[in-house]
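Enquirer: One structure, pasted below without further comment.
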Amino acid sequence: MNCLEERILKDGVVKEGNILKVDSFLNHQLDVELFDEMGAEWAKRFEGVEINKILTIEASGIGIACVAARHFNVPVVFAKKTQSVNLDGEMYTAEVESFTHKNKNNVIVSKKFLNENDKVLIIDDFLANGCALQGLISIINSAGASVAGIGIAIEKGFQSGGQIIRNLGYRLESLAIVDGMDPATGEISLRK
C-alpha cells in the first residue's frame, strides 16, 4: 500500500452522494510532503516519456501539479475557470462539469502557454466521471499539442471516468483507486 492509500484510509471521510472528503491533506489543507512523494511516483511511472509541460485545472490540481513538476523539471499551466482582467490574447476553451460541485464551467488556457510542440502530462486530484479530463484533453488537442499521459491522485474506480479515458487510448496512472465507499460505515475499499 502506498502513502496516499494509507492516508485515504486514515483521514478520508465518506459522504453521501459518492463524495470522498480528503480536505485535510489533498484539496484544502495541503500535505506538501505527500505531494512530493506523489510527484516522485509519477516521475517513476512516466520515466522515459517525453513531457515538457504539465496541465491541470484550478483549484485543487494546482498544488499537486506544482510539486509534481519539480520531478519533471517542467512548467505548470492551469486551466482557469473564470476570465480575469489580466488574461489577454486568444484562449482555448472547453466546457467541463464538476462532479463535486455539480456545476459546469468554461475553462480557459491562454494560447501563449500551449502549442503544437508541447507534450503534456495532465495532473489532477480526482477522477470521477472524466468530464474535467475530457475538457483538458480537448484544450490540448485544440492547441495541436499531444497528451503524453495523465496522472490522477485518486480515481473513483466505481464511476465511469477511468474506463472512458482508458478506452480513448490515453495512458492513465492513478495513484489510488477507490472501488467502493459506504457512507453508513465510513468504509473505503481500495483496489489492490
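Chain labels A, B, ... are given in the sequence in which chains occur in the C-alpha cells; within each chain residues are numbered consecutively from 1, and ligands are likewise numbered from 1 in the order shown.
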Can you list, as a PyMOL selection string, all residues belonging to stretch 75-181 of chain A that DSSP tags as helix (DSSP H, G or I)?
Expert: chain A and resi 111-113+131-142+161-167
Enquirer: Per residue of stretch 117-165 of chain A within 8 Å of stretch 54-77 of chain A, what are the shortest atom pair and its distance in Å to one decimal, counting only C-alpha atoms, with rows by chain and residue number, as CSV?
Expert:
```
residue,atom,partner,partner_atom,distance
A:Val120,CA,A:Ile54,CA,5.5
A:Leu121,CA,A:Ile54,CA,4.8
A:Ile122,CA,A:Leu55,CA,4.8
A:Ile123,CA,A:Thr56,CA,5.4
A:Asp124,CA,A:Gly61,CA,4.7
A:Asp125,CA,A:Gly61,CA,5.4
A:Ala132,CA,A:Ile57,CA,7.8
A:Leu136,CA,A:Thr56,CA,7.6
```
Enquirer: Which residues come within 12 Å of A:Leu133, counting only C-alpha atoms, excluding same-chain residues fewer than 4 positions away, as a short mmCIF file (atom, residue, chain, number, x, y, z; two decimals) with C-alpha atoms, in the first residue's frame?
Expert:
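Final output, result-v6.cif:
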```
data_model
loop_
_atom_site.label_atom_id
_atom_site.label_comp_id
_atom_site.auth_asym_id
_atom_site.auth_seq_id
_atom_site.Cartn_x
_atom_site.Cartn_y
_atom_site.Cartn_z
CA LEU A 55 -1.57 20.92 -17.37
CA THR A 56 -4.12 20.94 -14.56
CA ILE A 57 -7.33 22.71 -13.68
CA GLY A 61 -4.99 20.38 -9.05
CA ALA A 79 -6.93 25.98 -16.88
CA ALA A 94 -13.68 23.88 -23.05
CA GLU A 95 -16.81 23.26 -21.02
CA VAL A 96 -16.33 20.96 -18.04
CA GLU A 97 -18.76 19.65 -15.46
CA SER A 98 -17.64 19.23 -11.87
CA PHE A 99 -18.85 16.05 -10.16
CA VAL A 107 -12.26 26.64 -18.56
CA LEU A 121 1.16 15.49 -18.79
CA ILE A 122 -2.24 16.17 -17.22
CA ILE A 123 -2.26 16.05 -13.40
CA ASP A 124 -5.39 16.29 -11.25
CA ASP A 125 -6.59 15.38 -7.78
CA PHE A 126 -9.72 13.31 -8.57
CA LEU A 127 -11.20 11.33 -11.43
CA ALA A 128 -14.91 10.52 -11.18
CA ASN A 129 -16.82 10.80 -14.46
CA ILE A 137 -7.76 16.84 -23.48
CA SER A 138 -9.94 18.97 -25.77
CA ILE A 139 -7.82 22.05 -25.00
CA ILE A 140 -4.59 20.12 -25.68
CA VAL A 147 -1.25 14.20 -24.38
CA GLY A 149 -0.10 10.91 -20.16
CA ILE A 150 -2.49 11.54 -17.30
CA GLY A 151 -1.67 11.36 -13.59
CA ILE A 152 -4.53 11.22 -11.10
CA GLU A 155 -9.64 7.64 -9.10
CA GLY A 161 -14.32 8.25 -15.85
CA GLY A 162 -11.28 5.98 -15.73
CA ILE A 164 -13.81 6.25 -20.57
CA ILE A 165 -10.34 7.80 -20.61
CA ARG A 166 -8.58 4.44 -20.98
CA LEU A 168 -9.96 6.67 -25.60
CA TYR A 170 -4.77 7.56 -23.09
CA LEU A 172 -3.77 6.94 -17.18
#
```
Enquirer: What is the distance, in Å and to one decimal place, between atom CA of A:Ser142 and atom CA of A:Ser160?
Expert: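 We find that atom CA of A:Ser142 and atom CA of A:Ser160 lie 24.3 Å from each other.
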Enquirer: Name the residues in contact with A:Lys15 at a cut-off of 9 Å, using only C-alpha atoms, excluding same-chain residues fewer than 4 positions from it; report them as a PDB file with C-alpha atoms, in the first residue's frame.
Expert:
```pdb
ATOM      1  CA  ILE A  19     -18.173  12.032  -2.079  1.00  0.00           C
ATOM      2  CA  LEU A  20     -14.766  11.248  -0.571  1.00  0.00           C
ATOM      3  CA  LYS A  21     -13.659  14.136   1.626  1.00  0.00           C
ATOM      4  CA  MET A 181     -17.333   3.652  -0.242  1.00  0.00           C
ATOM      5  CA  ASP A 182     -20.023   3.211   2.401  1.00  0.00           C
ATOM      6  CA  PRO A 183     -21.294   6.445   3.971  1.00  0.00           C
ATOM      7  CA  ALA A 184     -23.101   4.499   6.714  1.00  0.00           C
ATOM      8  CA  GLY A 186     -17.290   5.148   6.599  1.00  0.00           C
TER       9      GLY A 186
END
```
Enquirer: Going by DSSP on the backbone, which bits of stretch 95-125 of chain A are strand (DSSP E or B)? Write them as a PyMOL selection string, please.
Expert: chain A and resi 95-98+103-110+119-125
Enquirer: Interatomic distance between atom CA of A:Ile154 and atom CA of A:Glu16?
Expert: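 Taking atom CA of A:Ile154 and atom CA of A:Glu16, their separation equals 17.6 Å.
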Enquirer: Can you measure atom CA of A:Lys192 to atom CA of A:Ala43 for me? One decimal in Å is fine.
Expert: 21.0 Å
Enquirer: Closest to A:Phe113 among A:Asn141, A:Asn167, A:Ala153, A:Lys53, using only C-alpha atoms?
Expert: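 Ranked by minimum distance to A:Phe113, first place goes to A:Lys53.
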Enquirer: Measuring atom to atom with only C-alpha atoms, identify which of A:Lys119, A:Gly169, A:Phe158, A:Gly48 is nearest to A:Ile188.
Expert: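 Closest residue, counting only C-alpha atoms: A:Phe158.
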